[in-house]
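Colleague: What follows is data02.pdb, made up of PDB, N, CA and C atoms and all ligand atoms:
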ATOM      1  N   MET A  19     -87.139 102.467 -11.973
ATOM      2  CA  MET A  19     -86.336 103.128 -10.929
ATOM      3  C   MET A  19     -85.840 102.107  -9.912
ATOM      4  N   VAL A  20     -84.614 102.215  -9.595
ATOM      5  CA  VAL A  20     -83.995 101.268  -8.669
ATOM      6  C   VAL A  20     -84.397 101.619  -7.254
ATOM      7  N   PRO A  21     -84.911 100.635  -6.531
ATOM      8  CA  PRO A  21     -85.299 100.927  -5.137
ATOM      9  C   PRO A  21     -84.087 101.410  -4.351
ATOM     10  N   VAL A  22     -84.317 102.335  -3.447
ATOM     11  CA  VAL A  22     -83.224 102.919  -2.655
ATOM     12  C   VAL A  22     -82.476 101.832  -1.872
ATOM     13  N   GLU A  23     -83.241 100.883  -1.313
ATOM     14  CA  GLU A  23     -82.604  99.834  -0.501
ATOM     15  C   GLU A  23     -81.669  98.951  -1.308
ATOM     16  N   ALA A  24     -82.080  98.648  -2.555
ATOM     17  CA  ALA A  24     -81.239  97.820  -3.426
ATOM     18  C   ALA A  24     -79.924  98.548  -3.696
ATOM     19  N   GLY A  25     -80.019  99.864  -3.915
ATOM     20  CA  GLY A  25     -78.812 100.654  -4.155
ATOM     21  C   GLY A  25     -77.920 100.659  -2.928
ATOM     22  N   ALA A  26     -78.534 100.793  -1.762
ATOM     23  CA  ALA A  26     -77.768 100.804  -0.515
ATOM     24  C   ALA A  26     -77.077  99.464  -0.310
ATOM     25  N   ASP A  27     -77.774  98.371  -0.644
ATOM     26  CA  ASP A  27     -77.179  97.034  -0.502
ATOM     27  C   ASP A  27     -75.956  96.899  -1.400
ATOM     28  N   ALA A  28     -76.092  97.430  -2.635
ATOM     29  CA  ALA A  28     -74.985  97.340  -3.592
ATOM     30  C   ALA A  28     -73.769  98.102  -3.060
ATOM     31  N   VAL A  29     -74.036  99.290  -2.501
ATOM     32  CA  VAL A  29     -72.946 100.110  -1.945
ATOM     33  C   VAL A  29     -72.305  99.365  -0.768
ATOM     34  N   LEU A  30     -73.187  98.800   0.073
ATOM     35  CA  LEU A  30     -72.702  98.079   1.247
ATOM     36  C   LEU A  30     -71.861  96.866   0.823
ATOM     37  N   ALA A  31     -72.361  96.145  -0.202
ATOM     38  CA  ALA A  31     -71.639  94.971  -0.704
ATOM     39  C   ALA A  31     -70.262  95.380  -1.216
ATOM     40  N   LYS A  32     -70.224  96.527  -1.893
ATOM     41  CA  LYS A  32     -68.938  97.006  -2.435
ATOM     42  C   LYS A  32     -67.975  97.371  -1.289
ATOM     43  N   ILE A  33     -68.539  98.024  -0.262
ATOM     44  CA  ILE A  33     -67.702  98.413   0.886
ATOM     45  C   ILE A  33     -67.140  97.170   1.580
ATOM     46  N   VAL A  34     -68.035  96.175   1.765
ATOM     47  CA  VAL A  34     -67.597  94.940   2.420
ATOM     48  C   VAL A  34     -66.506  94.273   1.593
ATOM     49  N   ASP A  35     -66.704  94.284   0.277
ATOM     50  CA  ASP A  35     -65.733  93.684  -0.627
ATOM     51  C   ASP A  35     -64.390  94.421  -0.533
ATOM     52  N   ASP A  36     -64.483  95.763  -0.521
ATOM     53  CA  ASP A  36     -63.266  96.576  -0.406
ATOM     54  C   ASP A  36     -62.554  96.298   0.919
ATOM     55  N   LEU A  37     -63.371  96.150   1.963
ATOM     56  CA  LEU A  37     -62.793  95.878   3.283
ATOM     57  C   LEU A  37     -62.067  94.538   3.285
ATOM     58  N   LYS A  38     -62.686  93.539   2.608
ATOM     59  CA  LYS A  38     -62.049  92.215   2.549
ATOM     60  C   LYS A  38     -60.716  92.295   1.821
ATOM     61  N   THR A  39     -60.730  93.067   0.717
ATOM     62  CA  THR A  39     -59.500  93.236  -0.066
ATOM     63  C   THR A  39     -58.428  93.923   0.789
ATOM     64  N   ALA A  40     -58.868  94.988   1.482
ATOM     65  CA  ALA A  40     -57.941  95.729   2.335
ATOM     66  C   ALA A  40     -57.418  94.829   3.458
ATOM     67  N   GLN A  41     -58.321  94.035   4.037
ATOM     68  CA  GLN A  41     -57.937  93.151   5.141
ATOM     69  C   GLN A  41     -56.915  92.117   4.673
ATOM     70  N   SER A  42     -57.153  91.559   3.483
ATOM     71  CA  SER A  42     -56.211  90.548   2.996
ATOM     72  C   SER A  42     -54.859  91.177   2.693
ATOM     73  N   ALA A  43     -54.894  92.444   2.246
ATOM     74  CA  ALA A  43     -53.636  93.151   1.989
ATOM     75  C   ALA A  43     -52.895  93.378   3.305
ATOM     76  N   VAL A  44     -53.651  93.756   4.332
ATOM     77  CA  VAL A  44     -53.054  93.978   5.655
ATOM     78  C   VAL A  44     -52.475  92.668   6.191
ATOM     79  N   ASP A  45     -53.260  91.581   6.027
ATOM     80  CA  ASP A  45     -52.793  90.272   6.495
ATOM     81  C   ASP A  45     -51.477  89.891   5.822
ATOM     82  N   LYS A  46     -51.434  90.166   4.511
ATOM     83  CA  LYS A  46     -50.248  89.825   3.731
ATOM     84  C   LYS A  46     -49.023  90.582   4.263
ATOM     85  N   VAL A  47     -49.213  91.895   4.452
ATOM     86  CA  VAL A  47     -48.120  92.737   4.955
ATOM     87  C   VAL A  47     -47.707  92.286   6.357
ATOM     88  N   THR A  48     -48.712  92.003   7.193
ATOM     89  CA  THR A  48     -48.432  91.563   8.565
ATOM     90  C   THR A  48     -47.640  90.270   8.559
ATOM     91  N   LYS A  49     -48.030  89.364   7.665
ATOM     92  CA  LYS A  49     -47.370  88.061   7.576
ATOM     93  C   LYS A  49     -45.905  88.228   7.160
ATOM     94  N   VAL A  50     -45.698  89.064   6.142
ATOM     95  CA  VAL A  50     -44.330  89.315   5.665
ATOM     96  C   VAL A  50     -43.504  89.953   6.767
ATOM     97  N   ASP A  51     -44.134  90.919   7.460
ATOM     98  CA  ASP A  51     -43.448  91.616   8.541
ATOM     99  C   ASP A  51     -43.073  90.641   9.658
ATOM    100  N   GLN A  52     -44.011  89.754  10.001
ATOM    101  CA  GLN A  52     -43.763  88.765  11.052
ATOM    102  C   GLN A  52     -42.638  87.819  10.641
ATOM    103  N   ALA A  53     -42.655  87.431   9.360
ATOM    104  CA  ALA A  53     -41.615  86.536   8.857
ATOM    105  C   ALA A  53     -40.249  87.206   8.982
ATOM    106  N   LYS A  54     -40.224  88.510   8.667
ATOM    107  CA  LYS A  54     -38.965  89.259   8.784
ATOM    108  C   LYS A  54     -38.511  89.312  10.241
ATOM    109  N   LYS A  55     -39.486  89.546  11.136
ATOM    110  CA  LYS A  55     -39.156  89.629  12.558
ATOM    111  C   LYS A  55     -38.625  88.289  13.063
ATOM    112  N   ASP A  56     -39.299  87.186  12.633
ATOM    113  CA  ASP A  56     -38.869  85.853  13.056
ATOM    114  C   ASP A  56     -37.451  85.585  12.574
ATOM    115  N   ASP A  57     -37.206  85.994  11.330
ATOM    116  CA  ASP A  57     -35.888  85.776  10.742
ATOM    117  C   ASP A  57     -34.832  86.568  11.500
ATOM    118  N   ALA A  58     -35.177  87.828  11.795
ATOM    119  CA  ALA A  58     -34.254  88.696  12.524
ATOM    120  C   ALA A  58     -33.989  88.128  13.916
ATOM    121  N   LYS A  59     -35.051  87.595  14.540
ATOM    122  CA  LYS A  59     -34.906  87.026  15.881
ATOM    123  C   LYS A  59     -34.013  85.790  15.839
ATOM    124  N   ALA A  60     -34.224  84.953  14.820
ATOM    125  CA  ALA A  60     -33.406  83.749  14.677
ATOM    126  C   ALA A  60     -31.940  84.125  14.511
ATOM    127  N   LYS A  61     -31.706  85.175  13.707
ATOM    128  CA  LYS A  61     -30.324  85.632  13.506
ATOM    129  C   LYS A  61     -29.748  86.181  14.801
ATOM    130  N   GLU A  62     -30.583  86.921  15.519
ATOM    131  CA  GLU A  62     -30.158  87.524  16.791
ATOM    132  C   GLU A  62     -29.816  86.420  17.801
ATOM    133  N   ASP A  63     -30.665  85.378  17.832
ATOM    134  CA  ASP A  63     -30.433  84.256  18.747
ATOM    135  C   ASP A  63     -29.119  83.564  18.406
ATOM    136  N   ALA A  64     -28.888  83.364  17.109
ATOM    137  CA  ALA A  64     -27.669  82.692  16.667
ATOM    138  C   ALA A  64     -26.456  83.540  17.054
ATOM    139  N   LYS A  65     -26.603  84.858  16.897
ATOM    140  CA  LYS A  65     -25.522  85.788  17.240
ATOM    141  C   LYS A  65     -25.253  85.723  18.749
ATOM    142  N   THR A  66     -26.328  85.716  19.531
ATOM    143  CA  THR A  66     -26.194  85.657  20.987
ATOM    144  C   THR A  66     -25.516  84.359  21.405
ATOM    145  N   ASP A  67     -25.894  83.258  20.765
ATOM    146  CA  ASP A  67     -25.279  81.962  21.073
ATOM    147  C   ASP A  67     -23.788  82.001  20.775
ATOM    148  N   ALA A  68     -23.445  82.574  19.612
ATOM    149  CA  ALA A  68     -22.044  82.651  19.207
ATOM    150  C   ALA A  68     -21.267  83.523  20.186
ATOM    151  N   GLU A  69     -21.886  84.639  20.602
ATOM    152  CA  GLU A  69     -21.219  85.535  21.549
ATOM    153  C   GLU A  69     -21.027  84.866  22.903
ATOM    154  N   ALA A  70     -22.062  84.129  23.342
ATOM    155  CA  ALA A  70     -21.979  83.440  24.626
ATOM    156  C   ALA A  70     -20.883  82.379  24.572
ATOM    157  N   LYS A  71     -20.798  81.700  23.438
ATOM    158  CA  LYS A  71     -19.779  80.653  23.278
ATOM    159  C   LYS A  71     -18.380  81.278  23.276
ATOM    160  N   ALA A  72     -18.241  82.386  22.549
ATOM    161  CA  ALA A  72     -16.952  83.069  22.482
ATOM    162  C   ALA A  72     -16.541  83.553  23.874
ATOM    163  N   LYS A  73     -17.526  84.065  24.618
ATOM    164  CA  LYS A  73     -17.266  84.556  25.977
ATOM    165  C   LYS A  73     -16.835  83.392  26.873
ATOM    166  N   ALA A  74     -17.547  82.267  26.775
ATOM    167  CA  ALA A  74     -17.220  81.092  27.588
ATOM    168  C   ALA A  74     -15.824  80.590  27.246
ATOM    169  N   ASP A  75     -15.508  80.596  25.945
ATOM    170  CA  ASP A  75     -14.180  80.144  25.510
ATOM    171  C   ASP A  75     -13.104  81.067  26.075
ATOM    172  N   ALA A  76     -13.357  82.382  26.002
ATOM    173  CA  ALA A  76     -12.401  83.362  26.507
ATOM    174  C   ALA A  76     -12.210  83.201  28.015
ATOM    175  N   GLU A  77     -13.319  82.948  28.707
ATOM    176  CA  GLU A  77     -13.235  82.768  30.156
ATOM    177  C   GLU A  77     -12.496  81.479  30.500
ATOM    178  N   ALA A  78     -12.719  80.429  29.695
ATOM    179  CA  ALA A  78     -12.060  79.144  29.929
ATOM    180  C   ALA A  78     -10.546  79.296  29.771
ATOM    181  N   LYS A  79     -10.147  80.190  28.836
ATOM    182  CA  LYS A  79      -8.717  80.392  28.598
ATOM    183  C   LYS A  79      -8.033  81.076  29.781
ATOM    184  N   VAL A  80      -8.755  81.915  30.504
ATOM    185  CA  VAL A  80      -8.149  82.629  31.630
ATOM    186  C   VAL A  80      -8.591  82.059  32.982
ATOM    187  N   ALA A  81      -9.418  80.993  32.925
ATOM    188  CA  ALA A  81      -9.900  80.409  34.175
ATOM    189  C   ALA A  81      -8.751  79.773  34.948
ATOM    190  N   ARG A  82      -8.774  79.937  36.256
ATOM    191  CA  ARG A  82      -7.748  79.334  37.096
ATOM    192  C   ARG A  82      -8.074  77.859  37.236
ATOM    193  N   TRP A  83      -7.036  77.075  37.490
ATOM    194  CA  TRP A  83      -7.268  75.647  37.663
ATOM    195  C   TRP A  83      -6.814  75.230  39.045
ATOM    196  N   THR A  84      -7.442  74.215  39.543
ATOM    197  CA  THR A  84      -7.142  73.761  40.894
ATOM    198  C   THR A  84      -6.298  72.493  40.857
ATOM    199  N   CYS A  85      -5.234  72.513  41.599
ATOM    200  CA  CYS A  85      -4.339  71.352  41.644
ATOM    201  C   CYS A  85      -5.079  70.171  42.270
ATOM    202  N   GLU A  86      -4.988  69.021  41.598
ATOM    203  CA  GLU A  86      -5.715  67.859  42.123
ATOM    204  C   GLU A  86      -4.975  67.198  43.289
ATOM    205  N   TYR A  87      -3.720  67.615  43.511
ATOM    206  CA  TYR A  87      -2.947  67.025  44.617
ATOM    207  C   TYR A  87      -3.071  67.836  45.906
ATOM    208  N   CYS A  88      -2.901  69.150  45.773
ATOM    209  CA  CYS A  88      -2.944  69.957  46.998
ATOM    210  C   CYS A  88      -4.123  70.930  47.051
ATOM    211  N   GLY A  89      -4.849  71.039  45.942
ATOM    212  CA  GLY A  89      -6.029  71.901  45.944
ATOM    213  C   GLY A  89      -5.750  73.384  45.745
ATOM    214  N   SER A  90      -4.490  73.713  45.447
ATOM    215  CA  SER A  90      -4.163  75.125  45.239
ATOM    216  C   SER A  90      -4.722  75.620  43.912
ATOM    217  N   SER A  91      -5.113  76.882  43.912
ATOM    218  CA  SER A  91      -5.615  77.502  42.687
ATOM    219  C   SER A  91      -4.425  78.064  41.931
ATOM    220  N   ASN A  92      -4.338  77.727  40.652
ATOM    221  CA  ASN A  92      -3.204  78.175  39.847
ATOM    222  C   ASN A  92      -3.645  79.002  38.646
ATOM    223  N   PRO A  93      -2.780  79.898  38.171
ATOM    224  CA  PRO A  93      -3.126  80.719  36.996
ATOM    225  C   PRO A  93      -3.361  79.829  35.780
ATOM    226  N   HIS A  94      -4.173  80.320  34.860
ATOM    227  CA  HIS A  94      -4.528  79.529  33.674
ATOM    228  C   HIS A  94      -3.317  79.136  32.845
ATOM    229  N   ASP A  95      -2.254  79.967  32.882
ATOM    230  CA  ASP A  95      -1.100  79.678  32.026
ATOM    231  C   ASP A  95      -0.020  78.854  32.723
ATOM    232  N   ALA A  96      -0.278  78.490  33.994
ATOM    233  CA  ALA A  96       0.700  77.669  34.709
ATOM    234  C   ALA A  96       0.545  76.215  34.277
ATOM    235  N   THR A  97       1.663  75.573  33.931
ATOM    236  CA  THR A  97       1.573  74.181  33.494
ATOM    237  C   THR A  97       1.809  73.230  34.662
ATOM    238  N   SER A  98       2.254  73.802  35.781
ATOM    239  CA  SER A  98       2.407  72.976  36.969
ATOM    240  C   SER A  98       1.978  73.791  38.189
ATOM    241  N   CYS A  99       1.647  73.062  39.250
ATOM    242  CA  CYS A  99       1.154  73.715  40.450
ATOM    243  C   CYS A  99       2.212  74.621  41.076
ATOM    244  N   SER A 100       1.828  75.836  41.401
ATOM    245  CA  SER A 100       2.781  76.787  41.972
ATOM    246  C   SER A 100       3.069  76.457  43.432
ATOM    247  N   SER A 101       2.203  75.627  44.014
ATOM    248  CA  SER A 101       2.357  75.283  45.419
ATOM    249  C   SER A 101       3.151  73.999  45.631
ATOM    250  N   CYS A 102       2.768  72.922  44.918
ATOM    251  CA  CYS A 102       3.456  71.646  45.117
ATOM    252  C   CYS A 102       4.249  71.190  43.897
ATOM    253  N   GLY A 103       4.121  71.885  42.792
ATOM    254  CA  GLY A 103       4.898  71.555  41.609
ATOM    255  C   GLY A 103       4.341  70.426  40.763
ATOM    256  N   ALA A 104       3.186  69.903  41.129
ATOM    257  CA  ALA A 104       2.591  68.816  40.345
ATOM    258  C   ALA A 104       2.167  69.345  38.977
ATOM    259  N   PRO A 105       2.376  68.523  37.932
ATOM    260  CA  PRO A 105       1.959  68.980  36.600
ATOM    261  C   PRO A 105       0.437  69.114  36.510
ATOM    262  N   ARG A 106       0.018  70.046  35.687
ATOM    263  CA  ARG A 106      -1.422  70.261  35.519
ATOM    264  C   ARG A 106      -2.021  69.038  34.832
ATOM    265  N   SER A 107      -3.096  68.549  35.420
ATOM    266  CA  SER A 107      -3.758  67.371  34.863
ATOM    267  C   SER A 107      -4.626  67.764  33.671
ATOM    268  N   GLU A 108      -4.399  67.054  32.554
ATOM    269  CA  GLU A 108      -5.206  67.332  31.346
ATOM    270  C   GLU A 108      -6.654  66.949  31.573
ATOM    271  N   LYS A 109      -6.809  65.863  32.364
ATOM    272  CA  LYS A 109      -8.160  65.392  32.638
ATOM    273  C   LYS A 109      -8.944  66.440  33.418
ATOM    274  N   LYS A 110      -8.243  67.067  34.359
ATOM    275  CA  LYS A 110      -8.855  68.096  35.193
ATOM    276  C   LYS A 110      -9.290  69.277  34.301
ATOM    277  N   ALA A 111      -8.435  69.609  33.334
ATOM    278  CA  ALA A 111      -8.758  70.714  32.447
ATOM    279  C   ALA A 111     -10.025  70.394  31.648
ATOM    280  N   GLU A 112     -10.148  69.121  31.265
ATOM    281  CA  GLU A 112     -11.335  68.712  30.514
ATOM    282  C   GLU A 112     -12.579  68.839  31.391
ATOM    283  N   ASP A 113     -12.438  68.443  32.660
ATOM    284  CA  ASP A 113     -13.561  68.497  33.583
ATOM    285  C   ASP A 113     -14.067  69.914  33.812
ATOM    286  N   GLU A 114     -13.162  70.877  33.693
ATOM    287  CA  GLU A 114     -13.527  72.264  33.967
ATOM    288  C   GLU A 114     -14.313  72.909  32.831
ATOM    289  N   LYS A 115     -14.391  72.214  31.708
ATOM    290  CA  LYS A 115     -15.085  72.795  30.553
ATOM    291  C   LYS A 115     -16.555  73.016  30.832
TER
HETATM  292 ZN    ZN B 201      -0.473  71.389  44.023
END
Have the structure of the file written as structure tokens, please.
Modeller:
Amino acid sequence: MVPVEAGADAVLAKIVDDLKTAQSAVDKVTKVDQAKKDDAKAKEDAKTDAEAKAKADAEAKVARWTCEYCGSSNPHDATSCSSCGAPRSEKKAEDEK
């Protein structure tokens, strides 16, 4: 006859083993899930960067420029100063980037 304690140990060992199997399965799923989240976050970050860049570019296109001779603010599409008539400096446009 098998001692009761030996039987209990066997049951306990099986439960512990099952728990380990279950835990490793959970770890695996968690890892895959985390990898998906990281990937999604990386994509989201890249998207945000692209959107921020597009926004900055759009703003740069409509940004007013300041005349380097008289300091007047001119519309983005003006090629010369509306106040003194000086041509828009390309260097100044580069500086505003
Ligand atoms: Zn001017």
Colleague: Counting only N, CA and C atoms and all ligand atoms, which residues of chain A sit at most 5 Å from some atom of ligand ZN 201 (chain B), and what is each one's closest atom pair with its distance in Å to one decimal, listed by chain and rising residue number, as CSV?
Modeller:
residue,atom,partner,partner_atom,distance
A:Cys85,CA,B:ZN201,ZN,4.5
A:Tyr87,C,B:ZN201,ZN,4.8
A:Cys88,N,B:ZN201,ZN,3.7
A:Gly89,N,B:ZN201,ZN,4.8
A:Ser90,N,B:ZN201,ZN,4.9
A:Cys99,CA,B:ZN201,ZN,4.6
A:Ser101,C,B:ZN201,ZN,4.7
A:Cys102,N,B:ZN201,ZN,3.7
A:Gly103,N,B:ZN201,ZN,4.8
A:Ala104,N,B:ZN201,ZN,4.9
Colleague: Generate a file of the selected residues that holds N, CA and C atoms, formatted as an mmCIF file, in the frame of the given file.
Modeller:
data_model
loop_
_atom_site.group_PDB
_atom_site.id
_atom_site.type_symbol
_atom_site.label_atom_id
_atom_site.label_comp_id
_atom_site.auth_asym_id
_atom_site.auth_seq_id
_atom_site.Cartn_x
_atom_site.Cartn_y
_atom_site.Cartn_z
ATOM 1 N N CYS A 85 -5.234 72.513 41.599
ATOM 2 C CA CYS A 85 -4.339 71.352 41.644
ATOM 3 C C CYS A 85 -5.079 70.171 42.270
ATOM 4 N N TYR A 87 -3.720 67.615 43.511
ATOM 5 C CA TYR A 87 -2.947 67.025 44.617
ATOM 6 C C TYR A 87 -3.071 67.836 45.906
ATOM 7 N N CYS A 88 -2.901 69.150 45.773
ATOM 8 C CA CYS A 88 -2.944 69.957 46.998
ATOM 9 C C CYS A 88 -4.123 70.930 47.051
ATOM 10 N N GLY A 89 -4.849 71.039 45.942
ATOM 11 C CA GLY A 89 -6.029 71.901 45.944
ATOM 12 C C GLY A 89 -5.750 73.384 45.745
ATOM 13 N N SER A 90 -4.490 73.713 45.447
ATOM 14 C CA SER A 90 -4.163 75.125 45.239
ATOM 15 C C SER A 90 -4.722 75.620 43.912
ATOM 16 N N CYS A 99 1.647 73.062 39.250
ATOM 17 C CA CYS A 99 1.154 73.715 40.450
ATOM 18 C C CYS A 99 2.212 74.621 41.076
ATOM 19 N N SER A 101 2.203 75.627 44.014
ATOM 20 C CA SER A 101 2.357 75.283 45.419
ATOM 21 C C SER A 101 3.151 73.999 45.631
ATOM 22 N N CYS A 102 2.768 72.922 44.918
ATOM 23 C CA CYS A 102 3.456 71.646 45.117
ATOM 24 C C CYS A 102 4.249 71.190 43.897
ATOM 25 N N GLY A 103 4.121 71.885 42.792
ATOM 26 C CA GLY A 103 4.898 71.555 41.609
ATOM 27 C C GLY A 103 4.341 70.426 40.763
ATOM 28 N N ALA A 104 3.186 69.903 41.129
ATOM 29 C CA ALA A 104 2.591 68.816 40.345
ATOM 30 C C ALA A 104 2.167 69.345 38.977
#
Colleague: To one decimal place in Å, what is the distance between CA of Leu37 in chain A and CA of Lys49 in chain A?
Modeller: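 If I compute the distance from CA of Leu37 in chain A to CA of Lys49 in chain A, I get 17.8 Å.
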Colleague: Taking the DSSP assignment computed from this structure's backbone, write out as a ChimeraX atom specification all residues of chain A that belong to strand (DSSP E or B).
Modeller: /A:83-84,91-92,98,105
Colleague: Find the distance between atom C of Leu30 in chain A and atom C of Ala43 in chain A and write it in Å to one decimal.
Modeller: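 Value for the atom C of Leu30 in chain A-atom C of Ala43 in chain A distance: 19.4 Å.
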Colleague: Pick out each residue of chain A that DSSP on the backbone tags as helix (DSSP H, G or I); I need them as JSON, numbers by chain.
Modeller: {"A": [22, 23, 24, 25, 26, 27, 28, 29, 30, 31, 32, 33, 34, 35, 36, 37, 38, 39, 40, 41, 42, 43, 44, 45, 46, 47, 48, 49, 50, 51, 52, 53, 54, 55, 56, 57, 58, 59, 60, 61, 62, 63, 64, 65, 66, 67, 68, 69, 70, 71, 72, 73, 74, 75, 76, 77, 78, 79, 80, 108, 109, 110, 111, 112, 113]}
